[in-house]
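One structure is given below, encoded as structure tokens.
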Amino acid sequence: ASGGIGRALAQELHGRGASMLLVGRNAQALECAAQALGGRSARVDWCAADLATAEGRARVVDAASHWGGSGINVLVNSAGLGDFGMLDELDDAAIERLFAINAVAPIQLTRALLPTLRSQPMSAILNIGSVFGSLGYPGFTAYSATKFALRGFTEALRRELADSKIGVHYFAPRATKTGMNASAVDRMNAELKVAMDPPVQVAAAACAMLEAGKASAVFGWPEKLFVRINALLPGVVDGSLRKQLPVIRRHAATAVAERATQS
């Protein structure tokens, strides 16, 4: 909840009357997010933890299990990483970190918090995925794989908990204007005329879906149409994306060069 879609979700949920435990790696950023919601109070608290580690997840589970006395009744898995670049330019550590945050962390947190969620009169799990969880995109091969995994996990868990009072939801935004994007991604999207939504708009749509009890939603047009076409006629999408490959490769190379300079 320290930035991007997560922080916008916290603001939107708070505005709709929710109490919340904010989670992220950066304690200072979490403190700022809490202050924007009026500061620490009976309605707002935060827990700094690295969700890629078992120790960090255990810290969150302990805090969430006791939140408000009886524990949380909604779990929002919104932590995410992106790494733009062609697959052969990614190293082992980058791929493992992507899966640790985008796929393993939400699965493990959900598993550990199921007893708390089951103890509530009604509860919900909201997993924030991506349009790339249904539409594999060049330059985002590992990222797409993590979001495909999250979407599959959500679908299977929804069916596993169908006879319970736990609602399981999946929300897939398209490109969003957040600090997670490398500058090369923003330049590529501008060249390809890919729309990018502000986080507040994404958060409002996700919360509306949650309140409506919808199982899943893809946010944005024509991305929603592309997802449907890809499911029915993947060859059509293959051809369309192949035309974009030169642009994607050029910007991916720039992203790799910029990362090397920063490191």
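Chain labels A, B, ... are given in the sequence in which chains occur in the structure tokens; within each chain residues are numbered consecutively from 1, and ligands are likewise numbered from 1 in the order shown.
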
Got a sec: who's within 8 Å of range 92-104 of chain A, counting only C-alpha atoms, leaving out chain neighbours fewer than 2 positions off, as an MDAnalysis selection string?
-> chainID A and resid 51:52 79:83 90 106:108 142:143 146:147 149:150

Identify, on the basis of only C-alpha atoms, every residue whose closest approach to Arg16 in chain A does not exceed 12 Å; exclude the query and any residue fewer than 3 positions from it along the same chain; express the result as a VMD selection string.
-> chain A and resid 9 to 13 19 to 20 203 to 204 207 to 208 210 to 211

Restricting it to N, CA, C and O atoms, dump the selection as a compact mmCIF listing (two decimals), in the first residue's frame.
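New file result23.txt:
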# COMPACT_ATOMS: atom_id res chain seq x y z
N LEU A 9 -5.77 2.01 -3.87
CA LEU A 9 -6.80 1.12 -3.31
C LEU A 9 -7.06 1.45 -1.85
O LEU A 9 -8.22 1.47 -1.41
N ALA A 10 -5.99 1.72 -1.09
CA ALA A 10 -6.16 2.07 0.31
C ALA A 10 -6.99 3.34 0.46
O ALA A 10 -7.90 3.41 1.30
N GLN A 11 -6.70 4.33 -0.36
CA GLN A 11 -7.45 5.58 -0.30
C GLN A 11 -8.92 5.37 -0.68
O GLN A 11 -9.83 5.92 -0.03
N GLU A 12 -9.15 4.57 -1.71
CA GLU A 12 -10.52 4.32 -2.17
C GLU A 12 -11.31 3.54 -1.11
O GLU A 12 -12.46 3.87 -0.81
N LEU A 13 -10.71 2.50 -0.57
CA LEU A 13 -11.38 1.69 0.45
C LEU A 13 -11.66 2.49 1.71
O LEU A 13 -12.73 2.38 2.33
N SER A 19 -11.80 -0.06 7.36
CA SER A 19 -10.60 0.04 8.20
C SER A 19 -9.54 -0.84 7.55
O SER A 19 -9.87 -1.81 6.88
N MET A 20 -8.26 -0.49 7.74
CA MET A 20 -7.27 -1.25 6.99
C MET A 20 -5.90 -1.30 7.65
O MET A 20 -5.50 -0.41 8.39
N ALA A 203 -8.27 1.85 -9.04
CA ALA A 203 -8.72 1.50 -7.70
C ALA A 203 -10.23 1.62 -7.56
O ALA A 203 -10.89 0.76 -6.95
N ALA A 204 -10.79 2.67 -8.12
CA ALA A 204 -12.24 2.85 -8.04
C ALA A 204 -12.98 1.71 -8.73
O ALA A 204 -13.98 1.19 -8.21
N CYS A 207 -12.65 -1.57 -6.59
CA CYS A 207 -13.52 -1.56 -5.41
C CYS A 207 -14.99 -1.70 -5.79
O CYS A 207 -15.76 -2.35 -5.08
N ALA A 208 -15.36 -1.10 -6.91
CA ALA A 208 -16.74 -1.25 -7.38
C ALA A 208 -17.03 -2.70 -7.72
O ALA A 208 -18.11 -3.22 -7.43
N LEU A 210 -15.54 -5.31 -6.40
CA LEU A 210 -15.59 -6.04 -5.14
C LEU A 210 -16.93 -5.85 -4.46
O LEU A 210 -17.54 -6.82 -3.98
N GLU A 211 -17.41 -4.62 -4.39
CA GLU A 211 -18.70 -4.35 -3.75
C GLU A 211 -19.85 -5.02 -4.49
O GLU A 211 -20.83 -5.45 -3.88

All residues 12 Å or closer to Gly4 in chain A, only C-alpha atoms, same chain fewer than 6 positions away omitted, as a list in words =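 Selected residues are Ala10, Gln11, Gly24, Ala29, Ala33, Ser78, Ala79, Gly80, Leu81, Ala175, Thr176, Lys177, Thr178, Gly179, Met180, Asn181, Asp197, Pro198, Pro199, Val200, Gln201, Val202 and Ala203 of chain A.
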
Can you spit out the residues from that selection as a short mmCIF file (atom, residue, chain, number, x, y, z; two decimals), in the first residue's frame, using N, CA and C atoms?
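Result file part-v4.cif:
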data_model
loop_
_atom_site.label_atom_id
_atom_site.label_comp_id
_atom_site.auth_asym_id
_atom_site.auth_seq_id
_atom_site.Cartn_x
_atom_site.Cartn_y
_atom_site.Cartn_z
N ALA A 10 -5.99 1.72 -1.09
CA ALA A 10 -6.16 2.07 0.31
C ALA A 10 -6.99 3.34 0.46
N GLN A 11 -6.70 4.33 -0.36
CA GLN A 11 -7.45 5.58 -0.30
C GLN A 11 -8.92 5.37 -0.68
N GLY A 24 3.69 -3.07 3.15
CA GLY A 24 4.69 -2.77 2.13
C GLY A 24 6.08 -2.93 2.72
N ALA A 29 7.43 5.06 3.61
CA ALA A 29 6.37 5.24 2.63
C ALA A 29 5.01 4.84 3.21
N ALA A 33 1.63 7.03 3.70
CA ALA A 33 0.32 6.57 3.24
C ALA A 33 -0.69 6.62 4.37
N SER A 78 -2.15 -6.97 -3.69
CA SER A 78 -1.87 -6.01 -4.76
C SER A 78 -0.38 -5.76 -4.96
N ALA A 79 0.48 -6.33 -4.10
CA ALA A 79 1.92 -6.13 -4.29
C ALA A 79 2.35 -6.73 -5.62
N GLY A 80 3.20 -6.02 -6.34
CA GLY A 80 3.61 -6.53 -7.64
C GLY A 80 4.92 -5.91 -8.12
N LEU A 81 5.63 -6.65 -8.95
CA LEU A 81 6.85 -6.18 -9.59
C LEU A 81 6.71 -6.37 -11.09
N ALA A 175 -2.37 -1.20 -18.74
CA ALA A 175 -1.22 -0.38 -18.38
C ALA A 175 -1.66 0.75 -17.45
N THR A 176 -0.93 0.94 -16.37
CA THR A 176 -1.28 1.93 -15.36
C THR A 176 -0.07 2.82 -15.08
N LYS A 177 -0.31 4.08 -14.82
CA LYS A 177 0.75 5.06 -14.57
C LYS A 177 1.24 4.93 -13.13
N THR A 178 2.23 4.10 -12.92
CA THR A 178 2.80 3.91 -11.59
C THR A 178 4.33 3.95 -11.67
N GLY A 179 4.95 4.07 -10.50
CA GLY A 179 6.40 4.09 -10.43
C GLY A 179 7.03 2.76 -10.78
N MET A 180 6.21 1.70 -10.87
CA MET A 180 6.75 0.39 -11.23
C MET A 180 7.26 0.37 -12.67
N ASN A 181 6.72 1.25 -13.52
CA ASN A 181 7.09 1.25 -14.93
C ASN A 181 8.47 1.85 -15.14
N ASP A 197 -3.81 4.16 -17.52
CA ASP A 197 -4.79 4.72 -16.59
C ASP A 197 -4.12 5.21 -15.31
N PRO A 198 -4.66 6.26 -14.68
CA PRO A 198 -4.17 6.67 -13.37
C PRO A 198 -4.59 5.65 -12.31
N PRO A 199 -3.76 5.43 -11.29
CA PRO A 199 -4.10 4.44 -10.26
C PRO A 199 -5.45 4.66 -9.59
N VAL A 200 -5.83 5.93 -9.40
CA VAL A 200 -7.11 6.20 -8.72
C VAL A 200 -8.29 5.65 -9.52
N GLN A 201 -8.19 5.70 -10.83
CA GLN A 201 -9.26 5.19 -11.69
C GLN A 201 -9.32 3.67 -11.61
N VAL A 202 -8.16 3.03 -11.58
CA VAL A 202 -8.08 1.58 -11.45
C VAL A 202 -8.65 1.14 -10.10
N ALA A 203 -8.27 1.85 -9.04
CA ALA A 203 -8.72 1.50 -7.70
C ALA A 203 -10.23 1.62 -7.56
#

Could you tell me, as JSON, numbers by chain, which residues of range 17-51 of chain A DSSP assigns to alpha helix (DSSP H) when given the backbone?
-> {"A": [27, 28, 29, 30, 31, 32, 33, 34, 35, 36]}

Among listed residues A:Val74, A:Ala184, A:Ala8, A:Ala49, nearest Gln28 in chain A (using only C-alpha atoms) = A:Ala49

Among listed residues A:Ile229, A:Ala156, A:Val131, A:Val236, nearest Arg174 in chain A (using only C-alpha atoms) | A:Val131

Selection near Gly56 in chain A, 12 Å with only C-alpha atoms, sequence-local residues under 2 positions removed, as a PyMOL selection string | chain A and resi 23-25+47-54+58-63+101+105+108-109

Atomic separation - CA of His169 in chain A relative to CA of Leu157 in chain A, Å | 9.6 Å

Enumerate as a ChimeraX atom specification all residues of range 111-160 of chain A assigned to strand (DSSP E) by DSSP on the backbone, naming them with the chain letters and numbers the document uses.
-> /A:123-128

Using only C-alpha atoms, the best pick from A:Ser144, A:Phe153, A:Ser130, A:Gly17 as closest to Arg111 in chain A would be A:Phe153

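CA of Ala190 in chain A sits 16.1 Å away from CA of Lys243 in chain A.
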
Which is closest to Ser183 in chain A among A:Thr254, A:Ser119, A:Asn230, A:Asn127, if we use only C-alpha atoms?
->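 Looking at the shortest contact to Ser183 in chain A, the residue is A:Thr254.
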
Exercise: range 214-224 of chain A partners within 7 Å, only C-alpha atoms, chain neighbours under 2 positions left out, as a CSV table (one decimal) with N, CA and C atoms, in the first residue's frame:
chain,number,residue,atom,x,y,z
A,131,VAL,N,-3.9,-7.4,-17.3
A,131,VAL,CA,-4.4,-7.9,-18.6
A,131,VAL,C,-3.4,-8.8,-19.2
A,168,VAL,N,-14.0,-14.9,-3.8
A,168,VAL,CA,-12.7,-14.8,-4.4
A,168,VAL,C,-12.7,-14.1,-5.7
A,169,HIS,N,-12.0,-13.0,-5.8
A,169,HIS,CA,-12.1,-12.1,-6.9
A,169,HIS,C,-10.8,-11.8,-7.6
A,170,TYR,N,-10.8,-11.5,-8.9
A,170,TYR,CA,-9.6,-11.2,-9.7
A,170,TYR,C,-9.9,-10.0,-10.5
A,171,PHE,N,-9.0,-9.0,-10.4
A,171,PHE,CA,-9.2,-7.7,-11.2
A,171,PHE,C,-7.9,-7.5,-12.0
A,172,ALA,N,-8.1,-7.3,-13.3
A,172,ALA,CA,-7.0,-7.2,-14.2
A,172,ALA,C,-7.0,-5.8,-14.9
A,173,PRO,N,-6.1,-4.9,-14.4
A,173,PRO,CA,-5.9,-3.6,-15.0
A,173,PRO,C,-5.1,-3.7,-16.3
A,174,ARG,N,-5.2,-2.7,-17.2
A,174,ARG,CA,-4.3,-2.6,-18.3
A,174,ARG,C,-3.1,-1.8,-17.8
A,209,MET,N,-16.1,-3.4,-8.4
A,209,MET,CA,-16.2,-4.8,-8.7
A,209,MET,C,-16.4,-5.6,-7.4
A,210,LEU,N,-15.5,-5.3,-6.4
A,210,LEU,CA,-15.6,-6.0,-5.1
A,210,LEU,C,-16.9,-5.9,-4.5
A,212,ALA,N,-19.7,-5.1,-5.8
A,212,ALA,CA,-20.8,-5.7,-6.6
A,212,ALA,C,-20.8,-7.3,-6.5
A,226,PHE,N,-9.4,-7.5,-26.6
A,226,PHE,CA,-8.2,-8.3,-27.0
A,226,PHE,C,-8.1,-9.6,-26.2
A,227,VAL,N,-8.5,-9.5,-24.9
A,227,VAL,CA,-8.4,-10.7,-24.1
A,227,VAL,C,-9.4,-11.8,-24.6
A,228,ARG,N,-10.6,-11.3,-25.0
A,228,ARG,CA,-11.6,-12.2,-25.5
A,228,ARG,C,-11.2,-12.8,-26.9
